[in-house]
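One file, entry-v5.pdb, carrying PDB, C-alpha atoms and all ligand atoms:
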MODEL        1
ATOM      1  CA  MET A 748     108.781 110.966 109.047
ATOM      2  CA  LYS A 749     111.770 112.001 106.931
ATOM      3  CA  LYS A 750     110.770 114.002 103.822
ATOM      4  CA  ILE A 751     110.582 111.898 100.624
ATOM      5  CA  THR A 752     113.439 113.220  98.481
ATOM      6  CA  LYS A 753     114.732 110.184  96.531
ATOM      7  CA  ALA A 754     113.261 108.596  93.410
ATOM      8  CA  VAL A 755     114.302 105.360  91.723
ATOM      9  CA  PHE A 756     114.015 105.114  87.928
ATOM     10  CA  PRO A 757     114.307 101.492  86.783
ATOM     11  CA  VAL A 758     115.687 101.790  83.236
ATOM     12  CA  GLY A 759     117.378  98.423  82.991
ATOM     13  CA  GLY A 760     114.754  96.619  80.895
ATOM     14  CA  LEU A 761     115.491  95.270  77.422
ATOM     15  CA  GLY A 762     112.706  97.124  75.617
ATOM     16  CA  THR A 763     112.232  94.204  73.231
ATOM     17  CA  ARG A 764     108.916  95.596  71.964
ATOM     18  CA  PHE A 765     110.842  98.469  70.395
ATOM     19  CA  LEU A 766     113.618  96.527  68.683
ATOM     20  CA  PRO A 767     115.519  97.424  66.586
ATOM     21  CA  ALA A 768     115.280 101.027  67.934
ATOM     22  CA  THR A 769     116.320  99.797  71.389
ATOM     23  CA  LYS A 770     119.518  98.154  70.093
ATOM     24  CA  SER A 771     121.292 101.442  70.763
ATOM     25  CA  ILE A 772     118.630 103.794  72.174
ATOM     26  CA  PRO A 773     117.230 103.000  75.612
ATOM     27  CA  LYS A 774     113.422 102.790  75.520
ATOM     28  CA  GLU A 775     113.266 105.611  78.088
ATOM     29  CA  LEU A 776     114.977 107.994  75.652
ATOM     30  CA  LEU A 777     112.319 107.545  72.979
ATOM     31  CA  PRO A 778     110.733 110.985  72.596
ATOM     32  CA  ILE A 779     107.183 112.208  72.870
ATOM     33  CA  ILE A 780     107.599 114.671  69.973
ATOM     34  CA  ASP A 781     110.888 116.229  71.120
ATOM     35  CA  LYS A 782     111.283 115.317  74.788
ATOM     36  CA  PRO A 783     112.388 111.843  75.964
ATOM     37  CA  LEU A 784     110.131 109.827  78.259
ATOM     38  CA  ILE A 785     112.760 109.885  81.003
ATOM     39  CA  GLN A 786     112.875 113.698  80.902
ATOM     40  CA  TYR A 787     109.117 113.895  81.532
ATOM     41  CA  ALA A 788     109.487 111.463  84.447
ATOM     42  CA  VAL A 789     112.399 113.392  85.975
ATOM     43  CA  GLU A 790     110.509 116.705  85.676
ATOM     44  CA  GLU A 791     107.507 115.154  87.440
ATOM     45  CA  ALA A 792     109.786 113.919  90.240
ATOM     46  CA  ILE A 793     111.569 117.251  90.727
ATOM     47  CA  GLU A 794     108.263 119.121  90.773
ATOM     48  CA  ALA A 795     107.109 116.711  93.518
ATOM     49  CA  GLY A 796     110.125 117.592  95.693
ATOM     50  CA  ILE A 797     112.596 114.863  94.696
ATOM     51  CA  GLU A 798     116.254 115.884  95.071
ATOM     52  CA  THR A 799     118.127 112.638  94.316
ATOM     53  CA  LEU A 800     117.519 110.652  91.124
ATOM     54  CA  ILE A 801     118.628 107.010  91.264
ATOM     55  CA  PHE A 802     118.762 105.374  87.819
ATOM     56  CA  ILE A 803     118.969 101.575  87.739
ATOM     57  CA  THR A 804     120.642 100.993  84.395
ATOM     58  CA  SER A 805     121.900  98.318  82.067
ATOM     59  CA  ALA A 806     125.296  98.403  80.359
ATOM     60  CA  ALA A 807     123.726  99.686  77.143
ATOM     61  CA  LYS A 808     122.164 102.769  78.746
ATOM     62  CA  HIS A 809     124.997 105.322  78.940
ATOM     63  CA  ALA A 810     122.891 107.568  76.742
ATOM     64  CA  ILE A 811     120.581 108.278  79.696
ATOM     65  CA  SER A 812     123.492 109.688  81.695
ATOM     66  CA  ASP A 813     124.596 111.656  78.612
ATOM     67  CA  HIS A 814     121.129 113.143  78.248
ATOM     68  CA  PHE A 815     121.351 114.789  81.676
ATOM     69  CA  ASP A 816     124.924 116.051  81.227
ATOM     70  CA  PRO A 817     125.424 119.767  80.667
ATOM     71  CA  MET A 818     126.723 120.829  77.212
ATOM     72  CA  PRO A 819     128.775 123.928  78.085
ATOM     73  CA  ASP A 820     130.149 124.585  74.575
ATOM     74  CA  LEU A 821     126.811 124.401  72.803
ATOM     75  CA  ARG A 822     125.193 126.344  75.632
ATOM     76  CA  ALA A 823     127.762 129.147  75.278
ATOM     77  CA  LYS A 824     127.200 129.195  71.513
ATOM     78  CA  PHE A 825     123.420 129.547  71.875
ATOM     79  CA  MET A 826     123.890 132.207  74.556
ATOM     80  CA  ALA A 827     126.195 134.189  72.248
ATOM     81  CA  GLN A 828     123.537 133.927  69.526
ATOM     82  CA  ASP A 829     120.876 135.126  72.000
ATOM     83  CA  LYS A 830     118.924 131.872  71.480
ATOM     84  CA  GLN A 831     117.552 131.465  75.014
ATOM     85  CA  HIS A 832     114.796 129.097  73.826
ATOM     86  CA  LEU A 833     117.507 126.620  72.750
ATOM     87  CA  VAL A 834     119.500 127.123  75.970
ATOM     88  CA  ASP A 835     116.338 126.195  77.907
ATOM     89  CA  LYS A 836     116.107 122.950  75.935
ATOM     90  CA  LEU A 837     119.712 122.031  76.748
ATOM     91  CA  ASP A 838     119.267 122.545  80.507
ATOM     92  CA  THR A 839     117.748 119.127  81.240
ATOM     93  CA  LEU A 840     118.528 119.076  84.984
ATOM     94  CA  PRO A 841     118.779 121.800  87.652
ATOM     95  CA  ILE A 842     122.283 121.823  89.177
ATOM     96  CA  THR A 843     120.869 121.255  92.679
ATOM     97  CA  ILE A 844     119.642 117.783  91.708
ATOM     98  CA  GLN A 845     121.877 114.796  92.471
ATOM     99  CA  ARG A 846     122.142 111.883  90.003
ATOM    100  CA  VAL A 847     123.185 108.340  90.868
ATOM    101  CA  PHE A 848     123.579 105.499  88.355
ATOM    102  CA  ILE A 849     123.512 101.903  89.592
ATOM    103  CA  PRO A 850     124.022  99.015  87.131
ATOM    104  CA  GLN A 851     121.446  96.251  87.380
ATOM    105  CA  GLY A 852     123.890  93.685  86.017
ATOM    106  CA  GLN A 853     121.210  91.470  84.513
ATOM    107  CA  PRO A 854     117.602  92.305  83.660
ATOM    108  CA  LEU A 855     116.031  90.069  86.283
ATOM    109  CA  GLY A 856     112.774  91.971  86.597
ATOM    110  CA  LEU A 857     111.371  95.157  88.097
ATOM    111  CA  GLY A 858     111.681  93.864  91.682
ATOM    112  CA  HIS A 859     115.354  93.064  91.091
ATOM    113  CA  ALA A 860     115.897  96.537  89.592
ATOM    114  CA  VAL A 861     114.342  98.281  92.624
ATOM    115  CA  LEU A 862     116.410  96.104  94.979
ATOM    116  CA  GLN A 863     119.606  97.581  93.497
ATOM    117  CA  ALA A 864     118.696 100.941  95.096
ATOM    118  CA  ALA A 865     118.896  99.478  98.621
ATOM    119  CA  PRO A 866     122.302 101.016  99.529
ATOM    120  CA  MET A 867     120.936 104.497  98.730
ATOM    121  CA  ILE A 868     117.946 104.377 101.096
ATOM    122  CA  GLU A 869     118.271 104.848 104.851
ATOM    123  CA  GLN A 870     116.447 102.825 107.482
ATOM    124  CA  GLY A 871     112.919 104.148 107.962
ATOM    125  CA  GLU A 872     113.112 106.292 104.811
ATOM    126  CA  MET A 873     110.414 106.183 102.119
ATOM    127  CA  PHE A 874     111.289 106.629  98.437
ATOM    128  CA  ALA A 875     109.509 106.983  95.108
ATOM    129  CA  VAL A 876     109.706 104.623  92.117
ATOM    130  CA  ILE A 877     108.811 105.948  88.662
ATOM    131  CA  LEU A 878     108.495 103.887  85.497
ATOM    132  CA  ALA A 879     109.194 106.399  82.748
ATOM    133  CA  ASP A 880     107.396 104.322  80.132
ATOM    134  CA  ASP A 881     104.102 105.031  81.917
ATOM    135  CA  PHE A 882     103.608 108.488  80.415
ATOM    136  CA  ILE A 883     101.027 110.520  82.338
ATOM    137  CA  GLN A 884      99.226 113.718  81.422
ATOM    138  CA  ALA A 885      97.313 114.932  84.460
ATOM    139  CA  PRO A 886      95.919 118.190  85.822
ATOM    140  CA  SER A 887      98.045 117.797  88.945
ATOM    141  CA  ASN A 888     101.351 116.043  89.571
ATOM    142  CA  PRO A 889     100.621 112.304  90.011
ATOM    143  CA  LEU A 890     103.712 111.570  92.102
ATOM    144  CA  GLN A 891     102.951 114.509  94.385
ATOM    145  CA  LYS A 892      99.589 112.918  95.244
ATOM    146  CA  LEU A 893     101.284 109.645  96.175
ATOM    147  CA  ILE A 894     103.898 111.419  98.279
ATOM    148  CA  GLU A 895     101.183 113.321 100.156
ATOM    149  CA  ALA A 896      99.197 110.140 100.831
ATOM    150  CA  ALA A 897     102.300 108.196 101.913
ATOM    151  CA  SER A 898     103.583 111.022 104.109
ATOM    152  CA  HIS A 899     100.193 111.207 105.813
ATOM    153  CA  THR A 900      99.929 107.510 106.735
ATOM    154  CA  GLY A 901     103.494 106.175 106.434
ATOM    155  CA  ARG A 902     102.115 103.367 104.260
ATOM    156  CA  ALA A 903     103.465 102.042 100.988
ATOM    157  CA  THR A 904     101.378 103.732  98.294
ATOM    158  CA  LEU A 905     100.595 102.677  94.725
ATOM    159  CA  SER A 906      99.030 104.457  91.798
ATOM    160  CA  VAL A 907      96.137 102.591  90.151
ATOM    161  CA  GLU A 908      93.731 103.180  87.303
ATOM    162  CA  ALA A 909      90.665 101.429  85.933
ATOM    163  CA  VAL A 910      91.776  99.017  83.193
ATOM    164  CA  ALA A 911      89.570  97.469  80.513
ATOM    165  CA  ASP A 912      88.725  93.745  80.874
ATOM    166  CA  ASP A 913      90.691  92.738  77.797
ATOM    167  CA  ARG A 914      93.915  94.263  79.197
ATOM    168  CA  ILE A 915      93.608  93.526  82.912
ATOM    169  CA  SER A 916      95.616  90.282  82.646
ATOM    170  CA  SER A 917      98.750  92.383  81.905
ATOM    171  CA  TYR A 918      98.591  94.229  85.253
ATOM    172  CA  GLY A 919      99.031  93.766  88.973
ATOM    173  CA  VAL A 920      95.440  94.155  90.182
ATOM    174  CA  ILE A 921      94.344  95.274  93.660
ATOM    175  CA  ALA A 922      91.439  94.255  95.843
ATOM    176  CA  PRO A 923      90.462  97.677  97.234
ATOM    177  CA  GLY A 924      88.677  98.475 100.487
ATOM    178  CA  SER A 925      86.362 101.485 100.562
ATOM    179  CA  TRP A 926      87.491 104.620  98.742
ATOM    180  CA  ASP A 927      87.894 107.980 100.462
ATOM    181  CA  GLN A 928      88.850 110.953  98.284
ATOM    182  CA  GLY A 929      90.471 108.707  95.677
ATOM    183  CA  ILE A 930      92.484 106.682  98.217
ATOM    184  CA  THR A 931      91.832 103.110  99.352
ATOM    185  CA  GLN A 932      93.436 100.496 101.538
ATOM    186  CA  VAL A 933      94.706  97.536  99.498
ATOM    187  CA  ASN A 934      93.423  94.206 100.832
ATOM    188  CA  ASP A 935      95.109  92.038  98.227
ATOM    189  CA  ILE A 936      97.186  92.358  95.074
ATOM    190  CA  ILE A 937      97.340  89.759  92.302
ATOM    191  CA  GLU A 938      99.852  89.783  89.456
ATOM    192  CA  LYS A 939      98.391  89.358  85.961
ATOM    193  CA  PRO A 940      95.040  87.699  86.864
ATOM    194  CA  ALA A 941      92.669  86.316  84.239
ATOM    195  CA  ALA A 942      89.863  88.840  83.642
ATOM    196  CA  ALA A 943      87.321  86.481  85.239
ATOM    197  CA  SER A 944      89.300  86.208  88.497
ATOM    198  CA  ALA A 945      90.587  89.793  88.747
ATOM    199  CA  PRO A 946      89.724  91.177  92.216
ATOM    200  CA  SER A 947      88.780  94.579  90.717
ATOM    201  CA  GLU A 948      89.229  96.751  87.623
ATOM    202  CA  PHE A 949      92.110  98.649  89.253
ATOM    203  CA  GLY A 950      95.516  97.913  87.775
ATOM    204  CA  VAL A 951      98.789  99.117  89.307
ATOM    205  CA  ILE A 952     100.644 101.648  87.157
ATOM    206  CA  GLY A 953     104.195 102.975  87.222
ATOM    207  CA  ARG A 954     104.246 105.275  90.249
ATOM    208  CA  TYR A 955     104.994 104.019  93.781
ATOM    209  CA  VAL A 956     106.102 105.339  97.155
ATOM    210  CA  LEU A 957     107.713 102.536  99.130
ATOM    211  CA  PRO A 958     109.224 102.079 102.587
ATOM    212  CA  GLN A 959     112.845 100.992 103.061
ATOM    213  CA  SER A 960     111.479  97.711 104.502
ATOM    214  CA  VAL A 961     110.441  96.654 100.970
ATOM    215  CA  PHE A 962     114.076  95.667 100.329
ATOM    216  CA  GLY A 963     113.758  92.930 102.974
ATOM    217  CA  GLN A 964     110.647  91.647 101.202
ATOM    218  CA  LEU A 965     112.375  91.809  97.807
ATOM    219  CA  LYS A 966     115.357  89.820  99.117
ATOM    220  CA  ALA A 967     113.003  87.209 100.532
ATOM    221  CA  THR A 968     110.995  87.035  97.282
ATOM    222  CA  GLY A 969     112.238  84.276  95.016
ATOM    223  CA  MET A 970     112.447  84.274  91.230
ATOM    224  CA  ASP A 971     109.208  83.551  89.378
ATOM    225  CA  HIS A 972     108.818  81.057  86.507
ATOM    226  CA  ASN A 973     110.441  83.617  84.154
ATOM    227  CA  GLN A 974     113.493  83.893  86.424
ATOM    228  CA  GLU A 975     112.504  87.437  87.447
ATOM    229  CA  ILE A 976     111.900  89.056  90.839
ATOM    230  CA  GLN A 977     108.468  90.697  90.738
ATOM    231  CA  LEU A 978     107.814  93.900  92.671
ATOM    232  CA  THR A 979     104.176  92.827  93.083
ATOM    233  CA  ASP A 980     105.235  89.775  95.118
ATOM    234  CA  ALA A 981     107.077  91.992  97.609
ATOM    235  CA  LEU A 982     104.151  94.439  97.739
ATOM    236  CA  HIS A 983     101.895  91.540  98.598
ATOM    237  CA  GLU A 984     103.994  90.907 101.705
ATOM    238  CA  LEU A 985     103.676  94.586 102.696
ATOM    239  CA  ILE A 986      99.900  94.173 103.064
ATOM    240  CA  ALA A 987     100.405  92.085 106.200
ATOM    241  CA  ASP A 988     103.471  94.043 107.261
ATOM    242  CA  GLY A 989     102.140  97.523 107.982
ATOM    243  CA  GLY A 990      99.814  98.223 105.141
ATOM    244  CA  LEU A 991      99.458  99.171 101.545
ATOM    245  CA  GLN A 992      97.244 101.856 100.057
ATOM    246  CA  ALA A 993      96.407 102.977  96.531
ATOM    247  CA  VAL A 994      95.641 106.337  94.954
ATOM    248  CA  GLN A 995      93.446 106.416  91.854
ATOM    249  CA  LEU A 996      95.142 108.296  89.025
ATOM    250  CA  GLN A 997      93.358 111.494  88.007
ATOM    251  CA  GLY A 998      94.566 111.930  84.463
ATOM    252  CA  GLN A 999      95.452 110.060  81.327
ATOM    253  CA  ARG A1000      98.161 107.416  81.147
ATOM    254  CA  PHE A1001      99.794 105.981  78.057
ATOM    255  CA  ASP A1002     101.693 102.697  78.235
ATOM    256  CA  CYS A1003     104.693 103.779  76.188
ATOM    257  CA  GLY A1004     106.263 100.352  76.670
ATOM    258  CA  SER A1005     103.767  99.259  73.996
ATOM    259  CA  GLN A1006     103.827 100.505  70.410
ATOM    260  CA  GLU A1007     100.173 101.584  70.405
ATOM    261  CA  GLY A1008     100.538 103.492  73.691
ATOM    262  CA  PHE A1009     103.669 105.231  72.433
ATOM    263  CA  VAL A1010     102.030 106.339  69.173
ATOM    264  CA  MET A1011      98.886 107.514  71.019
ATOM    265  CA  ALA A1012     100.982 109.506  73.511
ATOM    266  CA  ASN A1013     102.693 111.279  70.628
ATOM    267  CA  LEU A1014      99.344 112.051  68.984
ATOM    268  CA  HIS A1015      97.895 113.248  72.299
ATOM    269  CA  VAL A1016     100.730 115.724  72.847
ATOM    270  CA  ALA A1017     100.857 116.792  69.196
ATOM    271  CA  ILE A1018      97.146 117.552  69.125
ATOM    272  CA  GLN A1019      97.549 119.855  72.110
ATOM    273  CA  ASN A1020     100.462 121.701  70.527
ATOM    274  CA  PRO A1021      99.163 124.801  68.712
ATOM    275  CA  LYS A1022     102.010 124.562  66.177
ATOM    276  CA  LEU A1023     101.184 120.968  65.227
ATOM    277  CA  GLN A1024      97.505 120.393  65.934
ATOM    278  CA  GLN A1025      95.970 121.627  62.696
ATOM    279  CA  GLN A1026      98.187 119.545  60.426
ATOM    280  CA  ILE A1027      97.788 116.437  62.587
ATOM    281  CA  LYS A1028      94.009 116.762  62.749
ATOM    282  CA  THR A1029      93.784 117.272  58.991
ATOM    283  CA  TYR A1030      95.965 114.244  58.411
ATOM    284  CA  LEU A1031      93.965 112.046  60.827
ATOM    285  CA  SER A1032      90.646 113.130  59.330
ATOM    286  CA  SER A1033      91.914 112.032  55.893
ATOM    287  CA  TRP A1034      91.752 108.443  57.239
ATOM    288  CA  GLU A1035      88.113 108.616  58.360
TER     289      GLU A1035
HETATM  290  P1  LIG A1101     108.871  96.185  81.079
HETATM  291  O1  LIG A1101     108.017  95.152  81.657
HETATM  292  O2  LIG A1101     108.221  97.176  80.179
HETATM  293  O3  LIG A1101     110.092  95.467  80.356
HETATM  294  O4  LIG A1101     109.556  96.944  82.286
HETATM  295  P2  LIG A1101     111.145  95.973  79.296
HETATM  296  O5  LIG A1101     112.234  94.990  79.277
HETATM  297  O6  LIG A1101     111.566  97.396  79.574
HETATM  298  O7  LIG A1101     110.355  95.999  77.908
HETATM  299  P3  LIG A1101     109.945  94.765  76.940
HETATM  300  O8  LIG A1101     108.833  94.045  77.616
HETATM  301  O9  LIG A1101     111.158  93.902  76.707
HETATM  302  O10 LIG A1101     109.507  95.459  75.675
HETATM  303  C1  LIG A1101     108.898  97.957  83.039
HETATM  304  C2  LIG A1101     109.938  98.907  83.600
HETATM  305  O11 LIG A1101     110.854  98.203  84.435
HETATM  306  C3  LIG A1101     112.189  98.380  83.975
HETATM  307  C4  LIG A1101     112.072  98.772  82.508
HETATM  308  O12 LIG A1101     113.194  99.511  82.085
HETATM  309  C5  LIG A1101     110.777  99.567  82.499
HETATM  310  O13 LIG A1101     110.992 100.922  82.885
HETATM  311  N1  LIG A1101     112.932  97.106  84.162
HETATM  312  C6  LIG A1101     112.368  95.934  83.783
HETATM  313  C7  LIG A1101     114.173  97.144  84.707
HETATM  314  O14 LIG A1101     114.720  98.226  85.050
HETATM  315  N2  LIG A1101     114.872  95.973  84.855
HETATM  316  C8  LIG A1101     114.332  94.775  84.500
HETATM  317  O15 LIG A1101     115.001  93.746  84.684
HETATM  318  C9  LIG A1101     113.056  94.765  83.945
ENDMDL
END
Show the structure stored in the file as structure tokens.
Amino acid sequence: MKKITKAVFPVGGLGTRFLPATKSIPKELLPIIDKPLIQYAVEEAIEAGIETLIFITSAAKHAISDHFDPMPDLRAKFMAQDKQHLVDKLDTLPITIQRVFIPQGQPLGLGHAVLQAAPMIEQGEMFAVILADDFIQAPSNPLQKLIEAASHTGRATLSVEAVADDRISSYGVIAPGSWDQGITQVNDIIEKPAAASAPSEFGVIGRYVLPQSVFGQLKATGMDHNQEIQLTDALHELIADGGLQAVQLQGQRFDCGSQEGFVMANLHVAIQNPKLQQQIKTYLSSWE
């Protein structure tokens, strides 16, 4: 099987939960302390062997392209001042990495966003999908694990984690088979089930490795009642058509598409930063 070297970053959503910030700042550029969510996601992808980044954008998201542009003048200035630590912060992308920006046109859902990457993926090729607003802190690279599992079996591979009952109805939820070293076959997948009818506690999170054939399923998938194309519907078809497997996330995930997840992610990173932790802890303890 061809090596997995392309990752799709759907960044075409409206980010309505962060208005008015998202009037002019794409949600994916919101920072965890000083680094934007999309930068974390891109670093995870590159570390996992990705060489081509495919951003599915909306018209309002030029700032994402700007973020990855070099700044030669400022770079030269910092170099002349011997401020290497600032130069390192400006270098957001290694020069060997290719960037592609594809406009989504209209925000017609995650499935529609992924479908826009179809011209970039060759027949028989597998590719990664990363949702930057799922911010993950893990002992080992979460995408790498998916790529290894997918490369081993050739199956579409999802990342899942155990989700509390009161939140499960916001997720795509899998019916797993038996688990072997954190990997299971997926027997069914249900989008946003009621807690009582959820097939398991395992919700799908924002890391996927998908086969090129998913584009056929996405094209065949109609719009749902919200006039969106859901990725979960296409994944459901993959179960019959060659198989779907899931890898349980080993690590901590923050849903930075939600305000509480975003604030908790910032606290989590701040508390681990030796320069910030004491002040943050003192401040938090003043609320106890
Ligand atoms: P969300 O469901 O979080 O939607 O999308 P959203 O529009 O970004 O945010 P809210 O709900 O209005 O606050 C999950 C991921 O899918 C992308 C988003 O950018 C996000 O990374 N997405 C969603 C698209 O790229 N296009 C879409 O049409 C919808």
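Picture a line from atom CA of A:Pro1021 to atom CA of A:Gln884; it runs 16.9 Å.
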>> Applying the PyMOL selection byres (((chain A and resi 814) around 10) and not hetatm) to the file I just gave you, which residues come out? Please list them as JSON, numbers by chain.
In response: {"A": [776, 783, 785, 786, 809, 810, 811, 812, 813, 815, 816, 817, 818, 837, 838, 839, 840]}
> Any idea what's packed within 10 Å of A:Lys774, counting all atoms listed in the file, ignoring anything in its chain fewer than 2 positions away? Could you give it as a ChimeraX atom specification?
Replying inline: /A:758-766,768-772,776-778,783-785,808,811,879-880,1003-1004
>> Excluding A:Ile797 and its own-chain neighbours fewer than 6 positions away, which residues fall within 9 Å of it when counting only C-alpha atoms? Please give them as number ranges by chain.
In response: A: 751-754, 789, 791, 844, 875
> What residues come out when you apply the PyMOL selection byres (((chain A and resi 958) around 9) and not hetatm) to this file, written as a ChimeraX atom specification?
Replying inline: /A:870-875,901-903,956-957,959-962
Box time for ligand LIG 1101 (chain A): axis-aligned, enclosing all its listed atoms, 6 Å extra on each side; report centre and edge lengths in Å to one decimal, as AutoDock Vina command-line options.
--center_x 111.5 --center_y 97.3 --center_z 80.4 --size_x 19.0 --size_y 19.2 --size_z 21.4
> How many Å separate atom CA of A:Tyr787 from atom O4 of ligand LIG 1101 (chain A)?
Replying inline: 17.0 Å
